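For reference, final_4.cif (mmCIF, C-alpha atoms and all ligand atoms):
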```
data_protein
loop_
_atom_site.group_PDB
_atom_site.id
_atom_site.type_symbol
_atom_site.label_atom_id
_atom_site.label_comp_id
_atom_site.auth_asym_id
_atom_site.auth_seq_id
_atom_site.Cartn_x
_atom_site.Cartn_y
_atom_site.Cartn_z
ATOM 1 C CA ASN A 110 7.274 -15.415 13.688
ATOM 2 C CA ILE A 111 5.266 -13.005 11.607
ATOM 3 C CA LEU A 112 1.582 -12.277 10.984
ATOM 4 C CA ILE A 113 0.398 -10.540 7.806
ATOM 5 C CA ILE A 114 -3.182 -9.298 7.922
ATOM 6 C CA GLY A 115 -4.579 -8.555 4.469
ATOM 7 C CA ALA A 116 -2.192 -11.113 2.932
ATOM 8 C CA LEU A 117 -4.375 -11.547 -0.172
ATOM 9 C CA GLY A 118 -4.415 -7.827 -0.968
ATOM 10 C CA GLN A 119 -2.321 -5.896 -3.508
ATOM 11 C CA ILE A 120 0.590 -5.309 -1.094
ATOM 12 C CA GLY A 121 -0.032 -8.400 1.020
ATOM 13 C CA ARG A 122 0.482 -10.911 -1.822
ATOM 14 C CA GLU A 123 4.011 -9.790 -2.623
ATOM 15 C CA LEU A 124 4.945 -8.952 0.955
ATOM 16 C CA THR A 125 3.945 -12.460 2.098
ATOM 17 C CA ASP A 126 6.179 -14.056 -0.566
ATOM 18 C CA GLU A 127 9.111 -11.778 0.245
ATOM 19 C CA LEU A 128 8.860 -12.358 4.016
ATOM 20 C CA ARG A 129 8.621 -16.132 3.454
ATOM 21 C CA GLU A 130 11.760 -15.992 1.296
ATOM 22 C CA ARG A 131 13.497 -14.277 4.179
ATOM 23 C CA TYR A 132 12.136 -15.971 7.282
ATOM 24 C CA GLY A 133 10.866 -19.318 6.013
ATOM 25 C CA LYS A 134 7.352 -20.218 4.939
ATOM 26 C CA GLU A 135 6.365 -21.771 8.266
ATOM 27 C CA ASN A 136 7.272 -18.600 10.167
ATOM 28 C CA VAL A 137 4.987 -16.280 8.225
ATOM 29 C CA LEU A 138 1.243 -16.690 8.839
ATOM 30 C CA ALA A 139 -0.959 -15.169 6.123
ATOM 31 C CA ALA A 140 -4.378 -13.921 7.259
ATOM 32 C CA ASP A 141 -7.260 -12.460 5.297
ATOM 33 C CA ILE A 142 -11.061 -12.335 5.257
ATOM 34 C CA ARG A 143 -11.518 -15.085 2.646
ATOM 35 C CA PRO A 144 -12.190 -18.702 3.755
ATOM 36 C CA LYS A 145 -9.159 -21.001 3.811
ATOM 37 C CA GLU A 146 -10.631 -23.280 1.146
ATOM 38 C CA ASP A 147 -10.624 -20.364 -1.323
ATOM 39 C CA VAL A 148 -6.884 -19.914 -0.881
ATOM 40 C CA SER A 149 -4.316 -21.677 -3.072
ATOM 41 C CA PHE A 150 -1.820 -24.078 -1.507
ATOM 42 C CA GLU A 151 1.183 -21.814 -2.011
ATOM 43 C CA LYS A 152 -0.467 -19.172 0.178
ATOM 44 C CA GLN A 153 -0.469 -21.631 3.120
ATOM 45 C CA PRO A 154 0.020 -21.410 6.090
ATOM 46 C CA TYR A 155 -3.133 -19.290 5.998
ATOM 47 C CA ILE A 156 -5.891 -18.421 8.448
ATOM 48 C CA GLN A 157 -9.255 -16.815 7.797
ATOM 49 C CA LEU A 158 -9.475 -13.712 10.005
ATOM 50 C CA ASN A 159 -11.981 -10.906 10.262
ATOM 51 C CA VAL A 160 -9.776 -8.136 11.613
ATOM 52 C CA MET A 161 -12.907 -6.426 13.008
ATOM 53 C CA ASP A 162 -13.393 -9.406 15.377
ATOM 54 C CA LYS A 163 -11.161 -8.247 18.234
ATOM 55 C CA GLY A 164 -11.766 -11.447 20.190
ATOM 56 C CA ALA A 165 -10.511 -13.643 17.349
ATOM 57 C CA LEU A 166 -7.604 -11.281 16.820
ATOM 58 C CA GLU A 167 -6.665 -11.429 20.504
ATOM 59 C CA SER A 168 -6.662 -15.224 20.675
ATOM 60 C CA LEU A 169 -4.550 -15.436 17.511
ATOM 61 C CA ILE A 170 -1.986 -12.964 18.868
ATOM 62 C CA ALA A 171 -2.019 -14.429 22.401
ATOM 63 C CA GLU A 172 -1.398 -17.953 21.063
ATOM 64 C CA ASN A 173 1.332 -17.154 18.558
ATOM 65 C CA LYS A 174 3.714 -14.674 20.244
ATOM 66 C CA PHE A 175 4.323 -12.866 16.923
ATOM 67 C CA THR A 176 7.586 -10.917 16.654
ATOM 68 C CA GLN A 177 6.192 -8.773 13.835
ATOM 69 C CA ILE A 178 2.682 -7.892 12.595
ATOM 70 C CA TYR A 179 2.024 -6.292 9.176
ATOM 71 C CA HIS A 180 -1.494 -4.830 9.214
ATOM 72 C CA LEU A 181 -2.459 -4.205 5.589
ATOM 73 C CA ALA A 182 -6.248 -4.675 5.648
ATOM 74 C CA ALA A 183 -8.057 -1.479 4.595
ATOM 75 C CA MET A 184 -10.580 0.003 2.223
ATOM 76 C CA LEU A 185 -8.955 2.268 -0.391
ATOM 77 C CA SER A 186 -9.869 5.760 -1.589
ATOM 78 C CA ALA A 187 -12.482 5.126 -4.282
ATOM 79 C CA SER A 188 -14.304 2.369 -2.365
ATOM 80 C CA GLY A 189 -14.083 4.515 0.746
ATOM 81 C CA GLU A 190 -15.908 7.398 -0.920
ATOM 82 C CA ARG A 191 -18.736 5.002 -1.758
ATOM 83 C CA ASN A 192 -18.884 3.684 1.859
ATOM 84 C CA PRO A 193 -17.421 6.376 4.147
ATOM 85 C CA GLN A 194 -18.621 4.941 7.480
ATOM 86 C CA ALA A 195 -17.530 1.399 6.576
ATOM 87 C CA ALA A 196 -14.124 2.674 5.412
ATOM 88 C CA TRP A 197 -13.578 4.617 8.631
ATOM 89 C CA ALA A 198 -14.641 1.664 10.782
ATOM 90 C CA LEU A 199 -12.481 -0.890 8.980
ATOM 91 C CA ASN A 200 -9.414 1.332 8.613
ATOM 92 C CA MET A 201 -9.478 2.757 12.157
ATOM 93 C CA ASP A 202 -10.988 0.100 14.439
ATOM 94 C CA SER A 203 -8.698 -2.589 13.056
ATOM 95 C CA LEU A 204 -5.619 -0.402 13.568
ATOM 96 C CA LEU A 205 -6.598 0.444 17.158
ATOM 97 C CA SER A 206 -7.086 -3.254 17.938
ATOM 98 C CA ILE A 207 -3.701 -4.146 16.467
ATOM 99 C CA LEU A 208 -1.912 -1.348 18.337
ATOM 100 C CA ASP A 209 -3.594 -2.267 21.624
ATOM 101 C CA LEU A 210 -2.983 -6.025 21.291
ATOM 102 C CA SER A 211 0.610 -5.529 20.092
ATOM 103 C CA VAL A 212 1.408 -3.671 23.326
ATOM 104 C CA LYS A 213 -0.489 -6.182 25.464
ATOM 105 C CA TYR A 214 1.308 -9.188 23.932
ATOM 106 C CA LYS A 215 4.678 -7.452 23.437
ATOM 107 C CA VAL A 216 4.875 -7.757 19.637
ATOM 108 C CA GLY A 217 8.372 -6.566 18.639
ATOM 109 C CA LYS A 218 7.531 -4.509 15.536
ATOM 110 C CA VAL A 219 4.334 -3.450 13.775
ATOM 111 C CA PHE A 220 3.980 -2.170 10.204
ATOM 112 C CA TRP A 221 0.970 -0.229 9.016
ATOM 113 C CA PRO A 222 0.663 1.421 5.559
ATOM 114 C CA SER A 223 -0.196 5.076 5.251
ATOM 115 C CA SER A 224 -0.602 6.836 1.911
ATOM 116 C CA ILE A 225 0.074 10.046 -0.006
ATOM 117 C CA ALA A 226 -3.714 10.327 0.352
ATOM 118 C CA VAL A 227 -3.060 12.032 3.716
ATOM 119 C CA PHE A 228 -2.273 15.122 1.629
ATOM 120 C CA GLY A 229 -5.099 17.264 0.245
ATOM 121 C CA PRO A 230 -5.974 20.178 -2.056
ATOM 122 C CA ASP A 231 -3.980 22.646 0.094
ATOM 123 C CA SER A 232 -0.810 20.519 0.112
ATOM 124 C CA THR A 233 2.187 21.384 -2.064
ATOM 125 C CA LYS A 234 1.607 19.845 -5.495
ATOM 126 C CA GLN A 235 5.229 19.282 -6.538
ATOM 127 C CA ASN A 236 7.777 17.583 -4.250
ATOM 128 C CA CYS A 237 5.315 17.621 -1.362
ATOM 129 C CA PRO A 238 7.449 17.697 1.813
ATOM 130 C CA GLN A 239 7.411 15.276 4.769
ATOM 131 C CA GLN A 240 5.971 17.900 7.119
ATOM 132 C CA GLY A 241 3.628 19.379 4.494
ATOM 133 C CA VAL A 242 0.012 20.322 5.133
ATOM 134 C CA THR A 243 -2.042 17.147 5.511
ATOM 135 C CA GLU A 244 -5.701 18.087 5.034
ATOM 136 C CA PRO A 245 -7.104 15.026 3.262
ATOM 137 C CA SER A 246 -10.439 15.307 1.468
ATOM 138 C CA THR A 247 -11.253 11.568 1.281
ATOM 139 C CA ILE A 248 -12.359 9.380 4.184
ATOM 140 C CA TYR A 249 -9.542 7.022 3.234
ATOM 141 C CA GLY A 250 -7.044 9.887 3.550
ATOM 142 C CA ILE A 251 -8.633 11.047 6.815
ATOM 143 C CA SER A 252 -8.328 7.515 8.223
ATOM 144 C CA LYS A 253 -4.666 7.334 7.156
ATOM 145 C CA ALA A 254 -3.846 10.745 8.664
ATOM 146 C CA ALA A 255 -5.597 9.812 11.928
ATOM 147 C CA GLY A 256 -3.910 6.416 11.912
ATOM 148 C CA GLU A 257 -0.494 8.032 11.620
ATOM 149 C CA TYR A 258 -1.128 10.010 14.811
ATOM 150 C CA TRP A 259 -2.302 6.852 16.622
ATOM 151 C CA CYS A 260 0.913 5.069 15.579
ATOM 152 C CA LYS A 261 3.042 7.932 16.882
ATOM 153 C CA TYR A 262 0.983 8.001 20.103
ATOM 154 C CA TYR A 263 1.555 4.280 20.722
ATOM 155 C CA PHE A 264 5.267 4.714 20.039
ATOM 156 C CA GLU A 265 5.564 7.643 22.467
ATOM 157 C CA LYS A 266 3.175 6.447 25.205
ATOM 158 C CA HIS A 267 3.761 2.682 25.110
ATOM 159 C CA GLY A 268 7.130 2.312 23.368
ATOM 160 C CA LEU A 269 5.537 0.216 20.592
ATOM 161 C CA ASP A 270 7.924 0.016 17.627
ATOM 162 C CA VAL A 271 5.298 0.723 14.943
ATOM 163 C CA ARG A 272 6.573 1.941 11.567
ATOM 164 C CA SER A 273 4.800 3.333 8.514
ATOM 165 C CA VAL A 274 5.293 4.767 5.016
ATOM 166 C CA ARG A 275 3.037 6.938 2.864
ATOM 167 C CA TYR A 276 2.841 4.694 -0.200
ATOM 168 C CA PRO A 277 2.192 6.392 -3.550
ATOM 169 C CA GLY A 278 -0.043 4.609 -6.049
ATOM 170 C CA LEU A 279 1.268 1.041 -6.297
ATOM 171 C CA ILE A 280 1.538 -0.938 -9.497
ATOM 172 C CA SER A 281 1.793 -4.737 -9.489
ATOM 173 C CA TYR A 282 0.954 -7.743 -11.647
ATOM 174 C CA THR A 283 -0.261 -10.040 -8.884
ATOM 175 C CA GLY A 284 -3.965 -9.703 -8.245
ATOM 176 C CA ALA A 285 -6.669 -7.496 -9.712
ATOM 177 C CA PRO A 286 -6.908 -3.802 -8.649
ATOM 178 C CA GLY A 287 -8.726 -3.122 -5.378
ATOM 179 C CA GLY A 288 -10.755 0.081 -5.352
ATOM 180 C CA GLY A 289 -7.960 2.634 -5.516
ATOM 181 C CA THR A 290 -7.891 5.840 -7.549
ATOM 182 C CA THR A 291 -4.406 5.023 -8.816
ATOM 183 C CA ASP A 292 -5.517 1.571 -9.981
ATOM 184 C CA TYR A 293 -5.997 2.888 -13.513
ATOM 185 C CA ALA A 294 -2.236 2.303 -13.765
ATOM 186 C CA VAL A 295 -2.809 -1.424 -13.085
ATOM 187 C CA ASP A 296 -5.996 -1.768 -15.165
ATOM 188 C CA ILE A 297 -4.234 -0.293 -18.211
ATOM 189 C CA PHE A 298 -1.781 -3.215 -18.343
ATOM 190 C CA HIS A 299 -4.586 -5.795 -18.233
ATOM 191 C CA SER A 300 -6.255 -4.087 -21.217
ATOM 192 C CA ALA A 301 -2.960 -3.906 -23.106
ATOM 193 C CA VAL A 302 -2.143 -7.607 -22.730
ATOM 194 C CA LYS A 303 -5.706 -8.571 -23.698
ATOM 195 C CA GLY A 304 -5.423 -6.454 -26.849
ATOM 196 C CA GLU A 305 -8.307 -4.265 -25.677
ATOM 197 C CA LYS A 306 -8.666 -0.476 -25.852
ATOM 198 C CA TYR A 307 -8.304 1.012 -22.351
ATOM 199 C CA THR A 308 -10.942 3.445 -21.046
ATOM 200 C CA CYS A 309 -9.122 5.571 -18.461
ATOM 201 C CA PHE A 310 -11.171 7.048 -15.591
ATOM 202 C CA LEU A 311 -8.740 9.973 -15.158
ATOM 203 C CA LYS A 312 -7.828 12.839 -17.519
ATOM 204 C CA GLU A 313 -4.713 12.247 -19.626
ATOM 205 C CA ASP A 314 -2.678 14.944 -17.855
ATOM 206 C CA THR A 315 -3.371 13.808 -14.251
ATOM 207 C CA ALA A 316 0.107 13.386 -12.768
ATOM 208 C CA LEU A 317 0.230 11.240 -9.599
ATOM 209 C CA PRO A 318 3.002 9.831 -7.377
ATOM 210 C CA MET A 319 3.487 6.162 -8.242
ATOM 211 C CA MET A 320 5.761 3.231 -7.404
ATOM 212 C CA TYR A 321 6.378 -0.262 -8.696
ATOM 213 C CA MET A 322 5.442 -2.912 -6.116
ATOM 214 C CA HIS A 323 8.959 -4.403 -6.105
ATOM 215 C CA ASP A 324 10.258 -1.017 -4.911
ATOM 216 C CA ALA A 325 7.420 -0.697 -2.373
ATOM 217 C CA ILE A 326 8.142 -4.104 -0.822
ATOM 218 C CA ARG A 327 11.877 -3.392 -0.614
ATOM 219 C CA ALA A 328 11.179 0.016 0.971
ATOM 220 C CA THR A 329 8.940 -1.656 3.562
ATOM 221 C CA LEU A 330 11.576 -4.209 4.553
ATOM 222 C CA GLU A 331 14.398 -1.657 4.547
ATOM 223 C CA LEU A 332 12.368 0.529 6.917
ATOM 224 C CA MET A 333 11.597 -2.466 9.160
ATOM 225 C CA ASP A 334 15.305 -3.439 9.196
ATOM 226 C CA ALA A 335 16.536 0.061 10.055
ATOM 227 C CA PRO A 336 17.792 0.617 13.632
ATOM 228 C CA GLY A 337 14.970 2.231 15.639
ATOM 229 C CA GLU A 338 17.170 5.042 16.847
ATOM 230 C CA SER A 339 17.798 6.194 13.260
ATOM 231 C CA LEU A 340 14.089 6.880 12.642
ATOM 232 C CA SER A 341 13.096 10.531 13.107
ATOM 233 C CA VAL A 342 9.520 9.959 11.820
ATOM 234 C CA ARG A 343 6.959 7.964 13.800
ATOM 235 C CA THR A 344 3.877 9.087 11.895
ATOM 236 C CA ALA A 345 4.722 7.820 8.378
ATOM 237 C CA TYR A 346 7.577 8.437 5.933
ATOM 238 C CA ASN A 347 6.958 10.124 2.603
ATOM 239 C CA LEU A 348 7.995 7.617 -0.050
ATOM 240 C CA SER A 349 8.565 8.363 -3.719
ATOM 241 C CA ALA A 350 9.745 6.702 -6.922
ATOM 242 C CA LEU A 351 7.819 7.874 -10.003
ATOM 243 C CA SER A 352 5.360 10.537 -11.042
ATOM 244 C CA PHE A 353 3.548 10.146 -14.328
ATOM 245 C CA THR A 354 0.286 10.915 -16.132
ATOM 246 C CA PRO A 355 -2.061 8.437 -17.852
ATOM 247 C CA LYS A 356 -0.720 9.732 -21.194
ATOM 248 C CA GLU A 357 2.881 9.026 -20.160
ATOM 249 C CA ILE A 358 2.243 5.457 -19.025
ATOM 250 C CA TYR A 359 0.057 4.844 -22.088
ATOM 251 C CA ASP A 360 2.904 6.026 -24.376
ATOM 252 C CA ALA A 361 5.415 3.806 -22.556
ATOM 253 C CA ILE A 362 3.128 0.750 -22.929
ATOM 254 C CA ALA A 363 2.237 1.551 -26.568
ATOM 255 C CA GLN A 364 5.949 1.436 -27.406
ATOM 256 C CA GLU A 365 5.955 -2.221 -26.309
ATOM 257 C CA VAL A 366 2.415 -3.072 -27.466
ATOM 258 C CA PRO A 367 1.918 -1.700 -31.000
ATOM 259 C CA GLY A 368 -1.661 -0.704 -31.784
ATOM 260 C CA PHE A 369 -2.657 -0.327 -28.113
ATOM 261 C CA GLU A 370 -5.357 2.377 -27.805
ATOM 262 C CA ILE A 371 -6.702 4.517 -24.943
ATOM 263 C CA THR A 372 -9.652 6.803 -24.368
ATOM 264 C CA TYR A 373 -10.267 9.122 -21.371
ATOM 265 C CA THR A 374 -13.628 9.320 -19.581
ATOM 266 C CA PRO A 375 -12.983 10.925 -16.147
ATOM 267 C CA ASP A 376 -15.385 9.903 -13.359
ATOM 268 C CA PHE A 377 -15.707 10.700 -9.605
ATOM 269 C CA ARG A 378 -12.142 9.525 -9.088
ATOM 270 C CA GLN A 379 -10.840 12.594 -10.966
ATOM 271 C CA GLN A 380 -11.710 14.796 -7.971
ATOM 272 C CA ILE A 381 -9.863 12.426 -5.637
ATOM 273 C CA ALA A 382 -6.768 12.451 -7.875
ATOM 274 C CA ASP A 383 -6.912 16.256 -8.196
ATOM 275 C CA SER A 384 -6.799 16.565 -4.386
ATOM 276 C CA TRP A 385 -3.448 14.781 -4.147
ATOM 277 C CA PRO A 386 0.107 16.023 -4.801
ATOM 278 C CA GLN A 387 1.629 15.246 -8.193
ATOM 279 C CA SER A 388 5.036 14.346 -6.761
ATOM 280 C CA ILE A 389 6.504 13.682 -3.318
ATOM 281 C CA ASP A 390 9.749 14.678 -1.550
ATOM 282 C CA ASP A 391 11.064 11.587 0.248
ATOM 283 C CA SER A 392 14.444 13.046 1.273
ATOM 284 C CA VAL A 393 13.785 12.269 4.974
ATOM 285 C CA ALA A 394 13.408 8.539 4.185
ATOM 286 C CA THR A 395 16.644 8.708 2.203
ATOM 287 C CA LYS A 396 18.431 10.470 5.068
ATOM 288 C CA ASP A 397 17.089 8.243 7.896
ATOM 289 C CA TRP A 398 17.225 4.781 6.285
ATOM 290 C CA GLY A 399 18.858 5.158 2.845
ATOM 291 C CA TRP A 400 15.770 4.881 0.652
ATOM 292 C CA LYS A 401 16.452 4.803 -3.133
ATOM 293 C CA PRO A 402 13.996 3.576 -5.810
ATOM 294 C CA ALA A 403 15.229 1.115 -8.473
ATOM 295 C CA TYR A 404 12.440 1.164 -11.090
ATOM 296 C CA ASP A 405 11.856 4.010 -13.528
ATOM 297 C CA LEU A 406 8.787 4.076 -15.802
ATOM 298 C CA LYS A 407 10.408 2.210 -18.711
ATOM 299 C CA ARG A 408 11.848 -0.570 -16.523
ATOM 300 C CA MET A 409 8.538 -0.986 -14.675
ATOM 301 C CA VAL A 410 6.543 -1.214 -17.928
ATOM 302 C CA LYS A 411 8.874 -3.907 -19.296
ATOM 303 C CA ASP A 412 8.738 -5.912 -16.055
ATOM 304 C CA MET A 413 4.947 -5.612 -15.796
ATOM 305 C CA LEU A 414 4.385 -6.708 -19.403
ATOM 306 C CA SER A 415 6.680 -9.714 -19.024
ATOM 307 C CA ASN A 416 5.006 -10.891 -15.788
ATOM 308 C CA ILE A 417 1.317 -10.001 -15.974
ATOM 309 C CA GLU A 418 -0.987 -12.961 -16.549
ATOM 310 C CA VAL A 419 -3.886 -12.475 -18.871
ATOM 311 C CA TYR A 420 -6.815 -12.932 -16.487
ATOM 312 C CA PRO A 421 -9.677 -14.955 -18.044
HETATM 313 C C1 LIG A 501 -5.648 4.468 -3.659
HETATM 314 N N1 LIG A 501 -3.811 2.969 -4.230
HETATM 315 O O1 LIG A 501 -5.697 4.776 -4.825
HETATM 316 C C2 LIG A 501 -4.372 3.764 -3.159
HETATM 317 C C3 LIG A 501 -3.331 4.753 -2.727
HETATM 318 C C4 LIG A 501 -2.214 6.953 -3.163
HETATM 319 C C5 LIG A 501 -3.223 5.975 -3.636
HETATM 320 O O2 LIG A 501 -3.545 5.145 -1.429
HETATM 321 O O3 LIG A 501 -6.536 4.693 -2.891
#
```
Mind turning the file's structure into structure tokens?
Amino acid sequence: NILIIGALGQIGRELTDELRERYGKENVLAADIRPKEDVSFEKQPYIQLNVMDKGALESLIAENKFTQIYHLAAMLSASGERNPQAAWALNMDSLLSILDLSVKYKVGKVFWPSSIAVFGPDSTKQNCPQQGVTEPSTIYGISKAAGEYWCKYYFEKHGLDVRSVRYPGLISYTGAPGGGTTDYAVDIFHSAVKGEKYTCFLKEDTALPMMYMHDAIRATLELMDAPGESLSVRTAYNLSALSFTPKEIYDAIAQEVPGFEITYTPDFRQQIADSWPQSIDDSVATKDWGWKPAYDLKRMVKDMLSNIEVYP
């Protein structure tokens, strides 16, 4: 059976549903920081878990003999720049606990998300390669780069089958955005469906690597299903699908939502976005485990607009 930590987060919501489709609801335990009574019935079985409480984590893992653990709890780039020490502690200490306990209790496979945020101002801007320079300039990126090396270390030293991908900015309709720099691309849809003008916190020509959540979830499961011996990367795979600017996604939405307006007022997140590549080369993921995205910008925009709920 499977444990998902951070099950109420942007990735966790969809990943929990997908894994339950596959393995059965009762075999996938959702865990997050929020109290059980706050969580809707369909998210059950659910357990409140503070991933920083190693004792609680150990008893949960010792009791349940999980075959897989997905560790998604983290603080993202923008929030991390506001609370660097807290971001480092959450992102790193929780990963080290999971790696250590997964070896101790012989968990079969572990998944941990990295990010294109491991790249920095000196990385290649276009088609940034798998082995490119990773000199992140955000604490979030630093924690993801360090985490990748810890994952590789646990694979090499302890034989732990831990796998990871460098997600681009992820766009989804379930759940409000969570402190990421790329979350403008989620916020913009909420404004569009509410008939409000969108105030974008990045400049209109800021191209960033992006991916629709349906593609991101499928990539995750395809990586986890791949035979271990076919994986040449044990830090984290570059993953790519789209690259677009705020102007490009605005134009695509405005085609479907006549009269939709945008204005650009860059804030501190512009510097974070400017430090990242504009597009990613994921040819190693394609070679090792057949990765191929399914959603282009137009298809994503249509799917988002037909699924997004108008939050009160
Ligand atoms: C963030 N959505 O903006 C995350 C992601 C590449 C961006 O890591 O921090």
Check: Taking all atoms listed in the file into account, which of A:Lys407, A:Gln364, A:His299, A:Val274 comes nearest Ser349 in chain A?
Finding: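 Selected residue with least distance to Ser349 in chain A: A:Val274.
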Next item on the list: Enumerate, as JSON, numbers by chain, the residues matched when the PyMOL selection byres (((not hetatm)) within 7 of (chain A and resi 501)) is run on the file above.
Entry: {"A": [185, 186, 187, 224, 225, 226, 276, 277, 278, 279, 288, 289, 290, 291, 292]}
Check: Got a sec to resolve the PyMOL selection byres (((chain A and resi 312-324) around 8) and not hetatm) on this structure and send the residues as a ChimeraX atom specification?
Finding: /A:120,123,225,276-281,291,309-311,325-328,349-356,373-375,379,382-383,385-389,402-404,409
Next item on the list: To verify the selection step, state as a list in words which residues the PyMOL selection byres (((chain A and resi 365) around 10) and not hetatm) yields on this input.
Entry: Ala301, Asp360, Ala361, Ile362, Ala363, Gln364, Val366, Pro367, Gly368, Phe369, Lys407, Val410, Lys411 and Leu414 of chain A
Checklist line | Point-to-point distance from CA of Met413 in chain A to CA of Tyr282 in chain A, Å rounded to tenths | finding: 6.1 Å
Item checked: Nearest-residue call for Ala198 in chain A, choices A:Thr308, A:Asp412, A:Met184, A:Gly217, using all atoms listed in the file -> A:Met184
Next item on the list: Check the smallest atom-to-atom distance from each of A:Asn192, A:Thr125, A:Asn159, A:Asn236 to Ile248 in chain A using all atoms listed in the file, then report the winner.
Entry: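 Comparing A:Asn192, A:Thr125, A:Asn159, A:Asn236 against Ile248 in chain A, the winner is A:Asn192.
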